[in-house]
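**Student:** My structure is stored as structure.txt, with compact mmCIF, N, CA and C atoms.
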```txt
# COMPACT_ATOMS: atom_id res chain seq x y z
N MET A 1 -53.50 -24.60 154.68
CA MET A 1 -53.95 -24.62 156.06
C MET A 1 -54.73 -25.92 156.29
N PRO A 2 -54.13 -26.89 156.99
CA PRO A 2 -54.80 -28.17 157.20
C PRO A 2 -56.05 -28.04 158.07
N LYS A 3 -57.08 -28.82 157.72
CA LYS A 3 -58.27 -28.91 158.55
C LYS A 3 -58.00 -29.91 159.67
N ILE A 4 -58.54 -29.60 160.86
CA ILE A 4 -58.33 -30.48 162.00
C ILE A 4 -59.66 -30.74 162.72
N LYS A 5 -59.69 -31.80 163.49
CA LYS A 5 -60.77 -32.10 164.42
C LYS A 5 -60.23 -31.79 165.80
N VAL A 6 -60.92 -30.92 166.55
CA VAL A 6 -60.46 -30.44 167.85
C VAL A 6 -61.34 -31.05 168.95
N PHE A 7 -60.70 -31.63 169.96
CA PHE A 7 -61.39 -32.21 171.11
C PHE A 7 -61.04 -31.36 172.33
N VAL A 8 -62.05 -30.74 172.95
CA VAL A 8 -61.83 -29.81 174.05
C VAL A 8 -62.52 -30.32 175.31
N THR A 9 -61.78 -30.30 176.41
CA THR A 9 -62.35 -30.58 177.74
C THR A 9 -62.01 -29.40 178.64
N LEU A 10 -63.03 -28.86 179.30
CA LEU A 10 -62.84 -27.77 180.25
C LEU A 10 -63.56 -28.13 181.53
N LYS A 11 -62.81 -28.18 182.62
CA LYS A 11 -63.37 -28.51 183.92
C LYS A 11 -63.12 -27.34 184.87
N ASN A 12 -64.20 -26.88 185.54
CA ASN A 12 -64.07 -25.85 186.57
C ASN A 12 -64.10 -26.55 187.92
N LYS A 13 -62.96 -26.57 188.61
CA LYS A 13 -62.85 -27.29 189.87
C LYS A 13 -63.59 -26.60 191.01
N LEU A 14 -64.00 -25.34 190.83
CA LEU A 14 -64.76 -24.65 191.88
C LEU A 14 -66.17 -25.20 192.01
N ASN A 15 -66.79 -25.54 190.88
CA ASN A 15 -68.17 -26.03 190.94
C ASN A 15 -68.33 -27.42 190.30
N ASN A 16 -67.23 -28.05 189.95
CA ASN A 16 -67.22 -29.39 189.35
C ASN A 16 -67.99 -29.49 188.04
N GLU A 17 -68.15 -28.40 187.33
CA GLU A 17 -68.75 -28.44 185.99
C GLU A 17 -67.69 -28.88 184.99
N GLN A 18 -68.11 -29.70 184.04
CA GLN A 18 -67.18 -30.16 183.01
C GLN A 18 -67.88 -30.14 181.66
N MET A 19 -67.17 -29.67 180.65
CA MET A 19 -67.67 -29.63 179.29
C MET A 19 -66.70 -30.39 178.40
N GLU A 20 -67.23 -31.25 177.57
CA GLU A 20 -66.42 -31.96 176.57
C GLU A 20 -67.10 -31.78 175.23
N LYS A 21 -66.37 -31.23 174.26
CA LYS A 21 -66.93 -30.94 172.94
C LYS A 21 -65.92 -31.25 171.86
N THR A 22 -66.43 -31.43 170.66
CA THR A 22 -65.60 -31.65 169.47
C THR A 22 -65.98 -30.60 168.43
N TYR A 23 -64.95 -30.01 167.80
CA TYR A 23 -65.17 -28.95 166.82
C TYR A 23 -64.29 -29.19 165.60
N ASP A 24 -64.66 -28.56 164.50
CA ASP A 24 -63.82 -28.53 163.31
C ASP A 24 -62.98 -27.26 163.38
N GLY A 25 -61.72 -27.36 162.93
CA GLY A 25 -60.84 -26.20 163.00
C GLY A 25 -59.78 -26.21 161.92
N PHE A 26 -58.85 -25.27 162.06
CA PHE A 26 -57.74 -25.11 161.13
C PHE A 26 -56.44 -24.98 161.91
N LEU A 27 -55.36 -25.40 161.28
CA LEU A 27 -54.05 -25.38 161.90
C LEU A 27 -53.06 -24.67 160.98
N THR A 28 -52.28 -23.75 161.58
CA THR A 28 -51.13 -23.18 160.87
C THR A 28 -49.92 -23.40 161.77
N ASN A 29 -48.76 -22.94 161.35
CA ASN A 29 -47.55 -23.13 162.14
C ASN A 29 -47.67 -22.56 163.54
N GLU A 30 -48.29 -21.38 163.66
CA GLU A 30 -48.29 -20.71 164.95
C GLU A 30 -49.63 -20.70 165.67
N LYS A 31 -50.72 -21.20 165.04
CA LYS A 31 -52.00 -21.10 165.72
C LYS A 31 -52.97 -22.22 165.35
N ILE A 32 -53.93 -22.41 166.27
CA ILE A 32 -55.06 -23.32 166.09
C ILE A 32 -56.31 -22.44 166.15
N THR A 33 -57.22 -22.61 165.21
CA THR A 33 -58.46 -21.83 165.18
C THR A 33 -59.64 -22.79 165.03
N TYR A 34 -60.68 -22.57 165.84
CA TYR A 34 -61.91 -23.36 165.70
C TYR A 34 -63.11 -22.53 166.12
N LYS A 35 -64.29 -22.95 165.63
CA LYS A 35 -65.54 -22.27 165.97
C LYS A 35 -66.25 -23.08 167.03
N GLU A 36 -66.57 -22.40 168.14
CA GLU A 36 -67.18 -23.02 169.31
C GLU A 36 -68.54 -22.34 169.52
N GLU A 37 -69.63 -22.95 169.06
CA GLU A 37 -70.94 -22.33 169.07
C GLU A 37 -70.86 -20.92 168.48
N ASP A 38 -71.02 -19.88 169.32
CA ASP A 38 -71.00 -18.50 168.81
C ASP A 38 -69.64 -17.83 168.94
N ASN A 39 -68.61 -18.58 169.34
CA ASN A 39 -67.27 -18.02 169.54
C ASN A 39 -66.30 -18.53 168.47
N ILE A 40 -65.39 -17.65 168.08
CA ILE A 40 -64.23 -18.07 167.29
C ILE A 40 -63.06 -18.11 168.27
N VAL A 41 -62.43 -19.25 168.41
CA VAL A 41 -61.33 -19.42 169.35
C VAL A 41 -60.04 -19.55 168.56
N THR A 42 -59.04 -18.74 168.93
CA THR A 42 -57.72 -18.79 168.31
C THR A 42 -56.69 -18.99 169.42
N ILE A 43 -55.85 -19.99 169.25
CA ILE A 43 -54.83 -20.29 170.25
C ILE A 43 -53.46 -20.16 169.59
N TYR A 44 -52.64 -19.27 170.16
CA TYR A 44 -51.27 -19.08 169.72
C TYR A 44 -50.37 -19.75 170.75
N ARG A 45 -49.40 -20.52 170.29
CA ARG A 45 -48.49 -21.15 171.25
C ARG A 45 -47.06 -21.07 170.76
N ASN A 46 -46.18 -20.90 171.75
CA ASN A 46 -44.76 -21.05 171.46
C ASN A 46 -44.19 -21.95 172.55
N SER A 47 -42.91 -21.97 172.75
CA SER A 47 -42.29 -22.97 173.62
C SER A 47 -42.79 -22.95 175.05
N ASN A 48 -43.09 -21.78 175.62
CA ASN A 48 -43.50 -21.77 177.03
C ASN A 48 -44.70 -20.88 177.33
N THR A 49 -45.38 -20.35 176.33
CA THR A 49 -46.57 -19.54 176.57
C THR A 49 -47.69 -19.94 175.61
N ILE A 50 -48.90 -19.68 176.07
CA ILE A 50 -50.10 -19.89 175.27
C ILE A 50 -50.92 -18.61 175.37
N LYS A 51 -51.48 -18.18 174.25
CA LYS A 51 -52.42 -17.06 174.24
C LYS A 51 -53.70 -17.55 173.58
N MET A 52 -54.83 -17.44 174.31
CA MET A 52 -56.11 -17.87 173.79
C MET A 52 -57.02 -16.65 173.63
N ILE A 53 -57.58 -16.49 172.44
CA ILE A 53 -58.50 -15.40 172.16
C ILE A 53 -59.85 -16.02 171.80
N ARG A 54 -60.89 -15.63 172.54
CA ARG A 54 -62.26 -16.10 172.29
C ARG A 54 -63.08 -14.87 171.89
N ARG A 55 -63.55 -14.88 170.65
CA ARG A 55 -64.24 -13.71 170.09
C ARG A 55 -65.68 -14.08 169.74
N SER A 56 -66.62 -13.24 170.18
CA SER A 56 -68.03 -13.40 169.80
C SER A 56 -68.60 -12.01 169.53
N ASN A 57 -69.88 -11.96 169.18
CA ASN A 57 -70.54 -10.66 168.97
C ASN A 57 -70.69 -9.90 170.28
N GLU A 58 -70.68 -10.62 171.42
CA GLU A 58 -70.95 -10.02 172.71
C GLU A 58 -69.69 -9.64 173.49
N ASN A 59 -68.58 -10.33 173.26
CA ASN A 59 -67.37 -10.00 174.01
C ASN A 59 -66.12 -10.57 173.35
N LEU A 60 -65.00 -10.10 173.87
CA LEU A 60 -63.68 -10.58 173.45
C LEU A 60 -62.93 -10.93 174.73
N ILE A 61 -62.44 -12.16 174.82
CA ILE A 61 -61.68 -12.60 175.98
C ILE A 61 -60.29 -12.99 175.50
N THR A 62 -59.27 -12.43 176.12
CA THR A 62 -57.89 -12.78 175.83
C THR A 62 -57.28 -13.34 177.10
N LEU A 63 -56.84 -14.61 177.06
CA LEU A 63 -56.22 -15.26 178.20
C LEU A 63 -54.77 -15.57 177.86
N ASN A 64 -53.86 -15.20 178.76
CA ASN A 64 -52.43 -15.43 178.57
C ASN A 64 -51.94 -16.39 179.63
N PHE A 65 -51.23 -17.44 179.19
CA PHE A 65 -50.76 -18.49 180.09
C PHE A 65 -49.25 -18.66 179.99
N GLU A 66 -48.60 -18.74 181.16
CA GLU A 66 -47.20 -19.10 181.26
C GLU A 66 -47.03 -19.82 182.59
N LYS A 67 -46.47 -21.02 182.56
CA LYS A 67 -46.38 -21.85 183.76
C LYS A 67 -45.67 -21.12 184.89
N GLY A 68 -46.33 -21.13 186.08
CA GLY A 68 -45.75 -20.53 187.27
C GLY A 68 -45.81 -19.02 187.33
N VAL A 69 -46.52 -18.40 186.38
CA VAL A 69 -46.55 -16.94 186.28
C VAL A 69 -48.00 -16.47 186.28
N THR A 70 -48.26 -15.36 186.96
CA THR A 70 -49.57 -14.70 186.88
C THR A 70 -49.48 -13.64 185.79
N LYS A 71 -50.34 -13.76 184.78
CA LYS A 71 -50.32 -12.86 183.63
C LYS A 71 -51.59 -12.02 183.61
N LYS A 72 -51.48 -10.85 183.02
CA LYS A 72 -52.66 -10.01 182.79
C LYS A 72 -53.40 -10.53 181.57
N SER A 73 -54.70 -10.66 181.72
CA SER A 73 -55.59 -11.05 180.64
C SER A 73 -56.73 -10.05 180.62
N ARG A 74 -57.67 -10.22 179.67
CA ARG A 74 -58.72 -9.20 179.58
C ARG A 74 -60.03 -9.77 179.07
N LEU A 75 -61.09 -9.19 179.59
CA LEU A 75 -62.44 -9.46 179.14
C LEU A 75 -63.00 -8.13 178.65
N GLU A 76 -63.51 -8.13 177.43
CA GLU A 76 -64.02 -6.90 176.84
C GLU A 76 -65.46 -7.10 176.38
N PRO A 77 -66.43 -7.00 177.32
CA PRO A 77 -67.83 -7.06 176.91
C PRO A 77 -68.18 -5.85 176.05
N VAL A 78 -69.05 -6.04 175.06
CA VAL A 78 -69.37 -4.98 174.12
C VAL A 78 -69.87 -3.72 174.81
N ASP A 79 -70.75 -3.86 175.80
CA ASP A 79 -71.38 -2.68 176.40
C ASP A 79 -70.73 -2.19 177.68
N LEU A 80 -69.70 -2.87 178.20
CA LEU A 80 -69.18 -2.53 179.51
C LEU A 80 -67.76 -1.98 179.52
N GLY A 81 -67.00 -2.17 178.48
CA GLY A 81 -65.61 -1.75 178.49
C GLY A 81 -64.70 -2.84 179.03
N LEU A 82 -63.44 -2.50 179.20
CA LEU A 82 -62.40 -3.46 179.56
C LEU A 82 -62.47 -3.88 181.03
N ILE A 83 -62.37 -5.19 181.27
CA ILE A 83 -62.25 -5.74 182.61
C ILE A 83 -60.94 -6.53 182.63
N GLU A 84 -60.03 -6.15 183.54
CA GLU A 84 -58.76 -6.87 183.64
C GLU A 84 -58.94 -8.14 184.46
N ILE A 85 -58.34 -9.21 183.98
CA ILE A 85 -58.37 -10.51 184.64
C ILE A 85 -56.92 -10.93 184.88
N GLU A 86 -56.66 -11.55 186.02
CA GLU A 86 -55.36 -12.17 186.24
C GLU A 86 -55.51 -13.66 185.97
N THR A 87 -54.56 -14.20 185.25
CA THR A 87 -54.54 -15.62 184.94
C THR A 87 -53.30 -16.22 185.59
N GLU A 88 -53.51 -17.06 186.60
CA GLU A 88 -52.43 -17.71 187.33
C GLU A 88 -52.31 -19.15 186.84
N THR A 89 -51.23 -19.47 186.14
CA THR A 89 -51.06 -20.77 185.51
C THR A 89 -50.17 -21.66 186.37
N SER A 90 -50.73 -22.78 186.84
CA SER A 90 -49.95 -23.71 187.66
C SER A 90 -49.32 -24.82 186.82
N LEU A 91 -49.93 -25.14 185.67
CA LEU A 91 -49.40 -26.20 184.82
C LEU A 91 -49.67 -25.85 183.37
N LEU A 92 -48.66 -25.99 182.53
CA LEU A 92 -48.81 -25.78 181.10
C LEU A 92 -47.95 -26.80 180.38
N GLU A 93 -48.62 -27.69 179.64
CA GLU A 93 -47.91 -28.69 178.85
C GLU A 93 -48.43 -28.60 177.42
N SER A 94 -47.52 -28.64 176.49
CA SER A 94 -47.91 -28.55 175.09
C SER A 94 -46.98 -29.42 174.26
N ASN A 95 -47.57 -30.21 173.39
CA ASN A 95 -46.77 -30.95 172.42
C ASN A 95 -47.44 -30.82 171.06
N GLU A 96 -47.02 -31.61 170.12
CA GLU A 96 -47.47 -31.41 168.74
C GLU A 96 -48.99 -31.49 168.58
N TYR A 97 -49.67 -32.37 169.33
CA TYR A 97 -51.10 -32.57 169.13
C TYR A 97 -51.95 -32.28 170.36
N GLN A 98 -51.39 -31.64 171.39
CA GLN A 98 -52.14 -31.47 172.63
C GLN A 98 -51.68 -30.23 173.39
N ILE A 99 -52.63 -29.61 174.09
CA ILE A 99 -52.35 -28.51 175.02
C ILE A 99 -53.09 -28.84 176.31
N TYR A 100 -52.40 -28.70 177.44
CA TYR A 100 -53.02 -28.94 178.74
C TYR A 100 -52.62 -27.80 179.66
N VAL A 101 -53.62 -27.10 180.22
CA VAL A 101 -53.35 -25.94 181.07
C VAL A 101 -54.23 -26.02 182.32
N CYS A 102 -53.62 -25.85 183.48
CA CYS A 102 -54.35 -25.68 184.75
C CYS A 102 -54.15 -24.23 185.17
N TYR A 103 -55.26 -23.53 185.42
CA TYR A 103 -55.14 -22.11 185.73
C TYR A 103 -56.32 -21.61 186.57
N LYS A 104 -56.08 -20.51 187.25
CA LYS A 104 -57.11 -19.80 187.99
C LYS A 104 -57.28 -18.43 187.37
N THR A 105 -58.52 -17.97 187.33
CA THR A 105 -58.78 -16.60 186.89
C THR A 105 -59.28 -15.80 188.08
N LYS A 106 -58.79 -14.55 188.16
CA LYS A 106 -59.18 -13.65 189.25
C LYS A 106 -59.50 -12.28 188.67
N ILE A 107 -60.49 -11.65 189.28
CA ILE A 107 -60.74 -10.23 189.04
C ILE A 107 -60.51 -9.57 190.39
N LYS A 108 -59.51 -8.71 190.43
CA LYS A 108 -58.96 -8.15 191.67
C LYS A 108 -58.50 -9.33 192.52
N GLU A 109 -59.05 -9.56 193.71
CA GLU A 109 -58.61 -10.69 194.53
C GLU A 109 -59.62 -11.83 194.52
N GLU A 110 -60.72 -11.68 193.78
CA GLU A 110 -61.77 -12.69 193.78
C GLU A 110 -61.51 -13.75 192.71
N ILE A 111 -61.45 -15.02 193.14
CA ILE A 111 -61.24 -16.13 192.21
C ILE A 111 -62.54 -16.36 191.44
N MET A 112 -62.46 -16.30 190.13
CA MET A 112 -63.63 -16.49 189.28
C MET A 112 -63.76 -17.94 188.82
N GLY A 113 -62.63 -18.63 188.70
CA GLY A 113 -62.64 -20.02 188.26
C GLY A 113 -61.30 -20.67 188.49
N ASP A 114 -61.33 -21.99 188.64
CA ASP A 114 -60.13 -22.81 188.81
C ASP A 114 -60.27 -23.93 187.78
N TYR A 115 -59.55 -23.82 186.68
CA TYR A 115 -59.83 -24.61 185.49
C TYR A 115 -58.73 -25.60 185.13
N GLU A 116 -59.17 -26.67 184.48
CA GLU A 116 -58.30 -27.57 183.73
C GLU A 116 -58.81 -27.52 182.29
N PHE A 117 -57.93 -27.13 181.38
CA PHE A 117 -58.27 -27.04 179.96
C PHE A 117 -57.40 -28.01 179.20
N LYS A 118 -58.03 -28.87 178.42
CA LYS A 118 -57.28 -29.82 177.60
C LYS A 118 -57.80 -29.74 176.18
N LEU A 119 -56.89 -29.56 175.25
CA LEU A 119 -57.22 -29.54 173.84
C LEU A 119 -56.34 -30.55 173.14
N GLN A 120 -56.98 -31.43 172.38
CA GLN A 120 -56.26 -32.37 171.52
C GLN A 120 -56.80 -32.19 170.11
N TYR A 121 -55.98 -32.46 169.13
CA TYR A 121 -56.48 -32.36 167.77
C TYR A 121 -55.84 -33.43 166.89
N GLU A 122 -56.55 -33.71 165.80
CA GLU A 122 -56.00 -34.60 164.78
C GLU A 122 -56.24 -33.97 163.42
N VAL A 123 -55.30 -34.14 162.54
CA VAL A 123 -55.41 -33.60 161.20
C VAL A 123 -56.33 -34.49 160.40
N LYS A 124 -57.31 -33.86 159.71
CA LYS A 124 -58.25 -34.62 158.88
C LYS A 124 -57.57 -35.05 157.60
N LYS A 125 -57.94 -36.20 157.13
CA LYS A 125 -57.38 -36.72 155.87
C LYS A 125 -58.13 -36.18 154.68
```
Kindly return the structure encoded in the file as structure tokens.
**Tutor:**
Amino acid sequence: MPKIKVFVTLKNKLNNEQMEKTYDGFLTNEKITYKEEDNIVTIYRNSNTIKMIRRSNENLITLNFEKGVTKKSRLEPVDLGLIEIETETSLLESNEYQIYVCYKTKIKEEIMGDYEFKLQYEVKK
């Protein structure tokens, strides 16, 4: 399992907040895994879909992305139970060293965020 350096940019277009961080991670054929502060992030990708799982002691978030499709996703806070989220993906590009996703998250009809997510990685020597 090769070690990688992960570069993440997340921009919320609703409030113009942007985060840029670098993490250490691992790469296998089907997934990228890295530790983000108190979260373990696992990204599964195939030719036209991405599944991102963010796990912490406080909650579990599963986001499903497919270009042009609204998918069911979920937020599972420890003390509150399951909250269904809709993930509407307008752009999804993925190649060997990069993932780029533009998406909106909604709970019922309320837009929670309008995001651009970019992940790039390089294999450590």
**Student:** For the atom pair CA of Lys125 (chain A) and CA of Ile4 (chain A), what is the interatomic distance in Å to one decimal place?
**Tutor:**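 Separation of CA of Lys125 (chain A) and CA of Ile4 (chain A): 8.8 Å.
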**Student:** Expressed in Å to a single decimal, how great is the separation between CA of Gln98 (chain A) and CA of Glu58 (chain A)?
**Tutor:**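 Taking CA of Gln98 (chain A) as the start and CA of Glu58 (chain A) as the end point, the length is 28.5 Å.
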**Student:** How far is it from CA of Asn15 (chain A) to CA of Asn64 (chain A), in Å with one decimal?
**Tutor:**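 Rounded to one decimal, the two atoms are 22.7 Å apart.
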**Student:** So that I can check the surroundings of region 21-35 of chain A, please list as a list in words every protein, DNA and RNA residue that reaches within 8 Å of it, counting only N, CA and C atoms and ignoring chain neighbours fewer than 5 positions away.
**Tutor:**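 My reading of the contact set: Met1, Pro2, Lys3, Ile4, Lys5, Val6, Phe7, Val8, Thr9, Leu10, Ile40, Val41, Thr42, Ile43, Tyr44, Arg45 and Asn46 of chain A.
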**Student:** For Tyr115 (chain A), which residue out of A:Cys102, A:Leu63, A:Ile53, A:Val78 is the nearest one, using only N, CA and C atoms?
**Tutor:**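 Smallest distance to Tyr115 (chain A) is found for A:Cys102.
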**Student:** Would you please work out which residue, of A:Leu14, A:Met52, A:Leu75, A:Leu91, is nearest to Asp114 (chain A) when using only C-alpha atoms?
**Tutor:**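 Closest to Asp114 (chain A), using only C-alpha atoms: A:Leu14.
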**Student:** From the list A:Glu84, A:Ile50, A:Phe117, A:Ser56, which residue is nearest Asp38 (chain A) when using all atoms listed in the file?
**Tutor:**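 Comparing A:Glu84, A:Ile50, A:Phe117, A:Ser56 against Asp38 (chain A), the winner is A:Ser56.
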